[in-house]
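S.K.: Can you keep this structure in mind? I'll have questions shortly.
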Amino acid sequence: MAGFADLNVPQGADKKSLQSLLEATAHLGYSVVALNHVIDFKEKKQEIIKPVSPSELFPSLPIVQGTSKRIKVLTRLTLVVSDPSHCNLLRSTSANIRLYDIIAVFPKTEKLFHIACTTLDVDLVCINVTEKLPFYFRRPPVNMAIDRGIYFELLYTPAIKDSTMRRYTISNAISLMQICKGKNIVISSAAERPLELRGPYDVANLGLLFGLSEGEAKAAVSTNCRATMLHGETRKSACGVVYTVKKPRKVEEEETAVPACKKAKTQA
Amino acid sequence: MLPAQLGRAPRHLLVCERGHARHPRSRHAAHVRDHAYSCRVSFLIPECGLLPEVLKSTIADFGEYYLVRNLPIHELVAHEFIDAFVKKGSCYALAYKTKIDQDNTAALLPNGKLILSVDKDTYEELGLQGRPSRYSGKKVMRYIITVDLTDAGFHPESKKHNRVLWALKEKKPLEFDFLLAWYNTGAEGSTLMSYFSKNQIQALKPKITFSTLRDLQCPVLQSNDLQGKPEESCSTEELFEWLGAVLNQVSLDNKSSSFLSTYCCPEPNTVVEKAFLCTITGFIIPEKIIQLLEQLCCYFGEPKLAHWLTLTVHGFADSPVSWRESEHGFHKGGENLYNFVIFRNLDYWLHMAVGTHDDCPP
């Protein structure tokens, strides 16, 4: 079992509120947090900026409650796509995209969901929980996504905020479970305030409501998040086995490091 | 169309046993010795206002335990340590502030076995032989490595020893904060404090609290009847629930204004004017618990008002083993506890309770 992770903490502009959010997640027991930067293409053209390094934002990271290790902060990019032309950004070898640890896509139509599951190079596919799904899930794209190692993300904070969204969250989640049978699910918050966060065991209990079994629900907060992070790391490597690190200019050759047991399709 | 499993609580087990403390084949001491790591011991004596002197001195005699920060595991495998502590007496060590379902954990049992519970990445980097955890599911995420330090094949020049030392020292150095305790069987030699004086070692005493409960409703029990009879005595499960309520200071009156609990003391019950509750928290070793158990049995040597008394021992939620060497896991809760109920005639009831990712206690 891996440490608990919350893969969706919106990166707001305010540094102080982000710091208090981070302290709340560390206090609740999460070992890894991913700061999410959302790009919505419906608004006028946005440039993908370089991710802010967590060490600049937070001079000292809080210690996870119950252990003596510090919380780990990753960077994540979410693309909200409603048109096939938006996906071109992912296919282009834009330098800035490669700097993010995790890349997620939020498809708005059925065609885009199919494209995201089958061809796009992403780690997470977000499932809409705030409104009724405009399309039904079909088995072929979902099974292909599971084979490629892509995980489906469900949010739980909208369910805390509003009762209508609670209904949509549960109904959308249950319809997803009927197709994917509980595999490859990640549950995360999209909490903007510390009050909207919940502890990892509570989130695992929420997974039971969505139709997951006890083991799958706990994995949705721990093991599957670890697999997503590894999937993101393989994007920085060649076939997921070798990655290069630039050494400062010396006469020796470039250093290659082999991480233990990584493949392009994560079997973690 | 909500799934049917929502109504079910996570799996848990309660084993109840009955015996007599002075019977030659009684296994009460053996059960205590099998459960190596205890973090809290509490005993409840009804109809008792003041603790007898002999019990007070037994508690005060619980000894110290040590907390060592950032101790690399290869120091526990070093032969000086094994000869000085593991082979002479019982040495207990448990990693502190690690979670069994998230991080790597280590424990040293008194029979000389070092248990390492590591996650998949660490196992693959460490290079020692282990087996997958039983509670890991289809995709194995946790492995258990057992090293027998007292094995005849583990002498300083053997291949086994060199391999273990290489793995823990050079390949993947692991270090934890350890809780240590040593039960010395009278042999002379260095103490843990002096051996680890170069690391940050701290000696700690267990925390002891006393309280007297007034007007407590106690169930009526018959020592020879575990199931209880409807109007005459309570069953073991009812006693276990009641004891949990009392030790957690849950009120038993079922007041209509209370939102926390509607629990009532099981029938038939009597109201006891006062009861003595003592709680000891720390890293407590089984040898001391056996001494305490003996003294509690001697409590009934003189005539007393109480019909029975209880001794409850909680294990660590994050320890890698529960009883003997059976693996312990943490799913939604990591409880592994046992409870003695000792009657006037020295009959005893023993409850052993475990949570979800645990084997049935012996």
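Ordering of the structure tokens sets the chain letters (A, B, ...); residue numbers start at 1 within each chain; ligands are numbered from 1 in the order shown.
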Compute the chain B side of the contact with chain A at 7 Å, counting only C-alpha atoms, and hand it back as a list in words.
M.R.: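 That gives Pro3, Leu6, Lys97, Thr98, Asp101, Gln102, Asp103, Asp119, Met141, Arg142 and Lys332 of chain B for chain B.
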S.K.: Excluding same-chain residues fewer than 4 positions from Gln227 (chain B), what lies within 10 Å of it counting only C-alpha atoms, as a PyMOL selection string?
M.R.: chain B and resi 221-222+233-238
S.K.: Mind writing the picked residues with N, CA, C and O atoms as a short mmCIF file (atom, residue, chain, number, x, y, z; two decimals), in the first residue's frame?
M.R.:
```cif
data_model
loop_
_atom_site.label_atom_id
_atom_site.label_comp_id
_atom_site.auth_asym_id
_atom_site.auth_seq_id
_atom_site.Cartn_x
_atom_site.Cartn_y
_atom_site.Cartn_z
N LEU B 221 -21.90 -11.26 36.21
CA LEU B 221 -21.30 -12.31 35.39
C LEU B 221 -21.23 -13.61 36.17
O LEU B 221 -21.02 -13.62 37.36
N GLN B 222 -21.38 -14.71 35.44
CA GLN B 222 -21.16 -16.04 36.02
C GLN B 222 -19.91 -16.60 35.38
O GLN B 222 -19.82 -16.67 34.16
N SER B 233 -27.15 -13.62 34.07
CA SER B 233 -25.81 -13.08 33.88
C SER B 233 -25.67 -12.60 32.45
O SER B 233 -26.48 -12.93 31.58
N CYS B 234 -24.63 -11.83 32.20
CA CYS B 234 -24.40 -11.26 30.88
C CYS B 234 -23.40 -12.12 30.10
O CYS B 234 -22.58 -12.79 30.67
N SER B 235 -23.48 -12.02 28.77
CA SER B 235 -22.57 -12.82 27.94
C SER B 235 -21.24 -12.08 27.75
O SER B 235 -21.13 -10.90 28.09
N THR B 236 -20.27 -12.78 27.17
CA THR B 236 -18.95 -12.17 27.01
C THR B 236 -18.97 -10.99 26.05
O THR B 236 -18.28 -10.00 26.25
N GLU B 237 -19.79 -11.10 24.98
CA GLU B 237 -19.81 -9.98 24.02
C GLU B 237 -20.38 -8.74 24.68
O GLU B 237 -19.90 -7.63 24.44
N GLU B 238 -21.42 -8.93 25.53
CA GLU B 238 -22.01 -7.77 26.19
C GLU B 238 -21.00 -7.15 27.15
O GLU B 238 -20.88 -5.93 27.26
#
```
S.K.: Quick one: DSSP helix (DSSP H, G or I) residues in region 62-94 of chain B, as a list in words?
M.R.: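 Filtering region 62-94 of chain B to helix (DSSP H, G or I) leaves His74, Glu75, Leu76, Val77, His79, Glu80, Phe81, Ile82, Asp83, Ala84, Phe85 and Val86 of chain B.
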S.K.: Filtering to N, CA, C and O atoms, could you give me those residues as a PDB file, in the first residue's frame?
M.R.:
```
ATOM      1  N   HIS B  74      20.923  -1.474  10.176  1.00  0.00           N
ATOM      2  CA  HIS B  74      22.068  -2.389  10.182  1.00  0.00           C
ATOM      3  C   HIS B  74      22.726  -2.453  11.560  1.00  0.00           C
ATOM      4  O   HIS B  74      23.442  -3.400  11.863  1.00  0.00           O
ATOM      5  N   GLU B  75      22.436  -1.467  12.423  1.00  0.00           N
ATOM      6  CA  GLU B  75      22.985  -1.560  13.777  1.00  0.00           C
ATOM      7  C   GLU B  75      22.296  -2.656  14.580  1.00  0.00           C
ATOM      8  O   GLU B  75      22.878  -3.206  15.520  1.00  0.00           O
ATOM      9  N   LEU B  76      21.034  -2.973  14.232  1.00  0.00           N
ATOM     10  CA  LEU B  76      20.359  -4.045  14.955  1.00  0.00           C
ATOM     11  C   LEU B  76      20.837  -5.403  14.463  1.00  0.00           C
ATOM     12  O   LEU B  76      20.588  -6.416  15.094  1.00  0.00           O
ATOM     13  N   VAL B  77      21.495  -5.427  13.303  1.00  0.00           N
ATOM     14  CA  VAL B  77      21.967  -6.701  12.754  1.00  0.00           C
ATOM     15  C   VAL B  77      23.438  -6.919  13.111  1.00  0.00           C
ATOM     16  O   VAL B  77      23.983  -7.983  12.896  1.00  0.00           O
ATOM     17  N   HIS B  79      26.735  -7.792  15.051  1.00  0.00           N
ATOM     18  CA  HIS B  79      26.898  -8.906  15.987  1.00  0.00           C
ATOM     19  C   HIS B  79      27.114  -8.473  17.420  1.00  0.00           C
ATOM     20  O   HIS B  79      26.781  -9.212  18.351  1.00  0.00           O
ATOM     21  N   GLU B  80      27.648  -7.250  17.624  1.00  0.00           N
ATOM     22  CA  GLU B  80      27.816  -6.806  19.015  1.00  0.00           C
ATOM     23  C   GLU B  80      26.455  -6.663  19.659  1.00  0.00           C
ATOM     24  O   GLU B  80      26.238  -7.024  20.811  1.00  0.00           O
ATOM     25  N   PHE B  81      25.504  -6.119  18.879  1.00  0.00           N
ATOM     26  CA  PHE B  81      24.171  -5.928  19.423  1.00  0.00           C
ATOM     27  C   PHE B  81      23.515  -7.273  19.716  1.00  0.00           C
ATOM     28  O   PHE B  81      22.893  -7.465  20.772  1.00  0.00           O
ATOM     29  N   ILE B  82      23.651  -8.204  18.759  1.00  0.00           N
ATOM     30  CA  ILE B  82      23.003  -9.509  18.939  1.00  0.00           C
ATOM     31  C   ILE B  82      23.563 -10.214  20.168  1.00  0.00           C
ATOM     32  O   ILE B  82      22.820 -10.757  20.986  1.00  0.00           O
ATOM     33  N   ASP B  83      24.890 -10.187  20.327  1.00  0.00           N
ATOM     34  CA  ASP B  83      25.463 -10.900  21.468  1.00  0.00           C
ATOM     35  C   ASP B  83      25.141 -10.212  22.780  1.00  0.00           C
ATOM     36  O   ASP B  83      24.948 -10.869  23.791  1.00  0.00           O
ATOM     37  N   ALA B  84      25.073  -8.883  22.754  1.00  0.00           N
ATOM     38  CA  ALA B  84      24.875  -8.184  24.024  1.00  0.00           C
ATOM     39  C   ALA B  84      23.424  -8.202  24.469  1.00  0.00           C
ATOM     40  O   ALA B  84      23.140  -8.252  25.660  1.00  0.00           O
ATOM     41  N   PHE B  85      22.479  -8.152  23.532  1.00  0.00           N
ATOM     42  CA  PHE B  85      21.094  -7.974  23.956  1.00  0.00           C
ATOM     43  C   PHE B  85      20.155  -9.067  23.478  1.00  0.00           C
ATOM     44  O   PHE B  85      19.339  -9.542  24.246  1.00  0.00           O
ATOM     45  N   VAL B  86      20.261  -9.447  22.215  1.00  0.00           N
ATOM     46  CA  VAL B  86      19.264 -10.379  21.698  1.00  0.00           C
ATOM     47  C   VAL B  86      19.427 -11.757  22.321  1.00  0.00           C
ATOM     48  O   VAL B  86      18.451 -12.420  22.679  1.00  0.00           O
TER      49      VAL B  86
END
```
S.K.: What are the closest atom pairs, with distances in Å to one decimal, for all residues of region 182-242 of chain B lying within 6 Å of region 256-272 of chain B? Consider only C-alpha atoms, order rows by chain and residue number, and present the result as a Markdown table.
M.R.:
```
| residue | atom | partner | partner_atom | distance |
| --- | --- | --- | --- | --- |
| B:Asp215 | CA | B:Val272 | CA | 5.4 |
| B:Leu216 | CA | B:Val272 | CA | 5.2 |
| B:Gln217 | CA | B:Val271 | CA | 4.4 |
| B:Cys218 | CA | B:Asn269 | CA | 5.4 |
| B:Pro219 | CA | B:Asn269 | CA | 4.1 |
| B:Val220 | CA | B:Asn269 | CA | 5.2 |
```
S.K.: Find the residues around Cys298 (chain B) up to 10 Å (only C-alpha atoms counted), leave out those fewer than 6 positions away in its own chain, and share them as a list in words.
M.R.: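 Once the adjacent positions are removed, what remains is Val54, Leu55, Leu292, Arg344 and Leu346 of chain B.
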S.K.: Atoms to include: all heavy atoms. Write the selected residues as a tab-separated table (two decimals), in the first residue's frame.
M.R.:
```tsv
chain	number	residue	atom	x	y	z
B	54	VAL	N	0.75	-3.27	47.19
B	54	VAL	CA	1.54	-4.21	46.39
B	54	VAL	C	1.31	-3.95	44.89
B	54	VAL	O	2.21	-4.03	44.07
B	54	VAL	CB	1.21	-5.66	46.82
B	54	VAL	CG1	-0.25	-6.00	46.53
B	54	VAL	CG2	2.11	-6.64	46.16
B	55	LEU	N	0.06	-3.57	44.52
B	55	LEU	CA	-0.21	-3.27	43.11
B	55	LEU	C	0.49	-1.98	42.71
B	55	LEU	O	1.02	-1.85	41.60
B	55	LEU	CB	-1.72	-3.14	42.86
B	55	LEU	CG	-2.45	-4.46	42.64
B	55	LEU	CD1	-3.94	-4.22	42.56
B	55	LEU	CD2	-1.98	-5.12	41.37
B	292	LEU	N	2.03	-8.15	36.55
B	292	LEU	CA	0.83	-7.43	36.96
B	292	LEU	C	-0.35	-8.37	37.06
B	292	LEU	O	-1.15	-8.29	38.01
B	292	LEU	CB	0.55	-6.31	35.95
B	292	LEU	CG	-0.67	-5.43	36.22
B	292	LEU	CD1	-0.54	-4.73	37.54
B	292	LEU	CD2	-0.84	-4.41	35.11
B	344	ARG	N	-13.42	-14.10	41.35
B	344	ARG	CA	-12.99	-14.34	42.73
B	344	ARG	C	-12.37	-15.70	42.91
B	344	ARG	O	-11.41	-15.87	43.66
B	344	ARG	CB	-14.21	-14.28	43.65
B	344	ARG	CG	-14.33	-13.02	44.40
B	344	ARG	CD	-15.37	-13.22	45.47
B	344	ARG	NE	-16.01	-11.97	45.76
B	344	ARG	CZ	-17.18	-11.87	46.34
B	344	ARG	NH1	-17.87	-12.96	46.62
B	344	ARG	NH2	-17.68	-10.70	46.62
B	346	LEU	N	-10.67	-17.24	40.86
B	346	LEU	CA	-9.52	-17.33	39.95
B	346	LEU	C	-9.82	-18.01	38.62
B	346	LEU	O	-8.91	-18.44	37.92
B	346	LEU	CB	-8.30	-17.97	40.63
B	346	LEU	CG	-7.71	-17.09	41.73
B	346	LEU	CD1	-6.40	-17.67	42.19
B	346	LEU	CD2	-7.48	-15.68	41.25
```
S.K.: Measure the distance from CA of Ser158 (chain B) to CA of Ala78 (chain B) in Å and round it to one decimal.
M.R.: 12.9 Å
S.K.: So which bits of region 113-223 of chain B end up strand (DSSP E) when you DSSP the backbone, as a PyMOL selection string?
M.R.: chain B and resi 113-119+131-132+142-148+175-183+200-204+207-219
S.K.: Which residues are close to region 112-118 of chain A, i.e. within 10 Å by only C-alpha atoms, leaving aside same-chain residues fewer than 3 positions away? Reply as an MDAnalysis selection string.
M.R.: chainID A and resid 81:84 86:87 104:109 121:127 135 137:138 140:152
S.K.: Could you write out that same residue set with N, CA and C atoms as an mmCIF file, in the first residue's frame?
M.R.:
```cif
data_model
loop_
_atom_site.group_PDB
_atom_site.id
_atom_site.type_symbol
_atom_site.label_atom_id
_atom_site.label_comp_id
_atom_site.auth_asym_id
_atom_site.auth_seq_id
_atom_site.Cartn_x
_atom_site.Cartn_y
_atom_site.Cartn_z
ATOM 1 N N VAL A 81 -11.128 20.504 -22.342
ATOM 2 C CA VAL A 81 -11.257 20.532 -23.807
ATOM 3 C C VAL A 81 -12.713 20.368 -24.203
ATOM 4 N N SER A 82 -13.165 21.223 -25.114
ATOM 5 C CA SER A 82 -14.519 21.073 -25.631
ATOM 6 C C SER A 82 -14.504 21.027 -27.155
ATOM 7 N N ASP A 83 -13.335 20.981 -27.754
ATOM 8 C CA ASP A 83 -13.220 21.019 -29.207
ATOM 9 C C ASP A 83 -11.984 20.208 -29.598
ATOM 10 N N PRO A 84 -12.048 19.413 -30.663
ATOM 11 C CA PRO A 84 -10.878 18.586 -31.002
ATOM 12 C C PRO A 84 -9.616 19.389 -31.283
ATOM 13 N N HIS A 86 -8.420 21.689 -29.597
ATOM 14 C CA HIS A 86 -7.699 21.987 -28.369
ATOM 15 C C HIS A 86 -6.669 20.917 -28.050
ATOM 16 N N CYS A 87 -6.912 19.711 -28.568
ATOM 17 C CA CYS A 87 -6.000 18.628 -28.219
ATOM 18 C C CYS A 87 -4.659 18.759 -28.913
ATOM 19 N N ALA A 104 -3.646 16.101 -16.932
ATOM 20 C CA ALA A 104 -5.010 15.579 -16.928
ATOM 21 C C ALA A 104 -5.805 16.294 -18.006
ATOM 22 N N VAL A 105 -6.840 15.613 -18.455
ATOM 23 C CA VAL A 105 -7.691 16.227 -19.470
ATOM 24 C C VAL A 105 -9.134 16.086 -19.011
ATOM 25 N N PHE A 106 -9.948 17.076 -19.320
ATOM 26 C CA PHE A 106 -11.331 17.090 -18.870
ATOM 27 C C PHE A 106 -12.190 17.176 -20.139
ATOM 28 N N PRO A 107 -12.605 16.033 -20.693
ATOM 29 C CA PRO A 107 -13.357 16.071 -21.949
ATOM 30 C C PRO A 107 -14.809 16.457 -21.719
ATOM 31 N N LYS A 108 -15.342 17.247 -22.647
ATOM 32 C CA LYS A 108 -16.717 17.710 -22.467
ATOM 33 C C LYS A 108 -17.701 16.992 -23.379
ATOM 34 N N THR A 109 -17.210 16.343 -24.415
ATOM 35 C CA THR A 109 -18.124 15.634 -25.299
ATOM 36 C C THR A 109 -17.682 14.178 -25.419
ATOM 37 N N ASP A 121 -1.912 11.536 -24.803
ATOM 38 C CA ASP A 121 -0.858 11.165 -23.859
ATOM 39 C C ASP A 121 -1.090 11.891 -22.535
ATOM 40 N N VAL A 122 -2.045 11.374 -21.750
ATOM 41 C CA VAL A 122 -2.367 12.002 -20.464
ATOM 42 C C VAL A 122 -2.305 10.940 -19.370
ATOM 43 N N ASP A 123 -2.350 11.399 -18.114
ATOM 44 C CA ASP A 123 -2.352 10.463 -16.991
ATOM 45 C C ASP A 123 -3.740 10.295 -16.405
ATOM 46 N N LEU A 124 -4.536 11.369 -16.415
ATOM 47 C CA LEU A 124 -5.846 11.311 -15.774
ATOM 48 C C LEU A 124 -6.912 11.824 -16.725
ATOM 49 N N VAL A 125 -8.074 11.226 -16.678
ATOM 50 C CA VAL A 125 -9.233 11.744 -17.402
ATOM 51 C C VAL A 125 -10.248 12.139 -16.343
ATOM 52 N N CYS A 126 -10.601 13.402 -16.299
ATOM 53 C CA CYS A 126 -11.511 13.857 -15.240
ATOM 54 C C CYS A 126 -12.946 13.566 -15.635
ATOM 55 N N ILE A 127 -13.723 13.165 -14.668
ATOM 56 C CA ILE A 127 -15.129 12.870 -14.909
ATOM 57 C C ILE A 127 -15.942 13.999 -14.290
ATOM 58 N N PHE A 135 -23.032 12.499 -21.996
ATOM 59 C CA PHE A 135 -22.893 11.294 -22.807
ATOM 60 C C PHE A 135 -22.826 10.087 -21.889
ATOM 61 N N PHE A 137 -21.073 6.439 -20.854
ATOM 62 C CA PHE A 137 -19.780 5.775 -20.986
ATOM 63 C C PHE A 137 -19.973 4.498 -21.787
ATOM 64 N N ARG A 138 -19.009 4.235 -22.647
ATOM 65 C CA ARG A 138 -19.085 2.972 -23.386
ATOM 66 C C ARG A 138 -17.893 2.127 -23.009
ATOM 67 N N PRO A 140 -15.715 0.105 -24.867
ATOM 68 C CA PRO A 140 -14.436 0.093 -25.608
ATOM 69 C C PRO A 140 -13.450 1.196 -25.191
ATOM 70 N N PRO A 141 -13.846 2.491 -25.156
ATOM 71 C CA PRO A 141 -12.825 3.465 -24.755
ATOM 72 C C PRO A 141 -12.376 3.298 -23.316
ATOM 73 N N VAL A 142 -13.295 2.921 -22.435
ATOM 74 C CA VAL A 142 -12.925 2.765 -21.026
ATOM 75 C C VAL A 142 -11.934 1.622 -20.864
ATOM 76 N N ASN A 143 -12.177 0.513 -21.552
ATOM 77 C CA ASN A 143 -11.246 -0.613 -21.451
ATOM 78 C C ASN A 143 -9.901 -0.276 -22.050
ATOM 79 N N MET A 144 -9.904 0.503 -23.125
ATOM 80 C CA MET A 144 -8.611 0.903 -23.723
ATOM 81 C C MET A 144 -7.847 1.795 -22.760
ATOM 82 N N ALA A 145 -8.563 2.684 -22.077
ATOM 83 C CA ALA A 145 -7.881 3.560 -21.122
ATOM 84 C C ALA A 145 -7.274 2.746 -19.999
ATOM 85 N N ILE A 146 -8.009 1.734 -19.528
ATOM 86 C CA ILE A 146 -7.489 0.886 -18.450
ATOM 87 C C ILE A 146 -6.242 0.156 -18.920
ATOM 88 N N ASP A 147 -6.249 -0.306 -20.168
ATOM 89 C CA ASP A 147 -5.062 -1.005 -20.678
ATOM 90 C C ASP A 147 -3.874 -0.062 -20.801
ATOM 91 N N ARG A 148 -4.147 1.206 -21.172
ATOM 92 C CA ARG A 148 -3.033 2.143 -21.366
ATOM 93 C C ARG A 148 -2.520 2.700 -20.045
ATOM 94 N N GLY A 149 -3.224 2.421 -18.943
ATOM 95 C CA GLY A 149 -2.757 2.909 -17.651
ATOM 96 C C GLY A 149 -3.260 4.295 -17.326
ATOM 97 N N ILE A 150 -4.386 4.666 -17.902
ATOM 98 C CA ILE A 150 -4.960 5.981 -17.613
ATOM 99 C C ILE A 150 -6.022 5.816 -16.538
ATOM 100 N N TYR A 151 -6.050 6.765 -15.610
ATOM 101 C CA TYR A 151 -6.976 6.661 -14.485
ATOM 102 C C TYR A 151 -8.079 7.695 -14.611
ATOM 103 N N PHE A 152 -9.252 7.362 -14.082
ATOM 104 C CA PHE A 152 -10.384 8.276 -14.111
ATOM 105 C C PHE A 152 -10.492 8.970 -12.772
#
```
S.K.: Can you tell me how far CA of Phe276 (chain B) sits from CA of Thr212 (chain B), in Å to one decimal?
M.R.: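 One can read the CA of Phe276 (chain B) to CA of Thr212 (chain B) distance as 4.7 Å.
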S.K.: Taking into account only C-alpha atoms, which residue in the set A:Lys111, A:Leu35, A:Asn172, A:Arg166 is nearest to Leu18 (chain A)?
M.R.: A:Leu35
S.K.: What does the structure give for the distance between CA of Val129 (chain A) and CA of Asn36 (chain A), in Å to one decimal?
M.R.: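 These atoms are spaced 17.2 Å apart.
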S.K.: Can you work out which one of B:Glu241, B:Glu53, B:Asp177, B:Glu273 has the shortest atom-to-atom distance to Leu67 (chain B), counting only C-alpha atoms?
M.R.: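 Selected residue with least distance to Leu67 (chain B): B:Asp177.
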S.K.: Find the residues near Asp34 (chain B): any atom within 8 Å, counting only C-alpha atoms, skip ones fewer than 2 places away on the same chain, and give them as a CSV table (one decimal) with C-alpha atoms, in the first residue's frame.
M.R.:
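selection_31.csv written:
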```
chain,number,residue,atom,x,y,z
B,30,ALA,CA,1.5,-17.9,27.2
B,31,HIS,CA,-1.1,-15.7,25.5
B,32,VAL,CA,0.4,-12.6,27.1
B,36,ALA,CA,4.9,-8.8,21.9
B,323,TRP,CA,0.3,-12.5,18.0
B,324,ARG,CA,3.5,-14.6,17.6
```
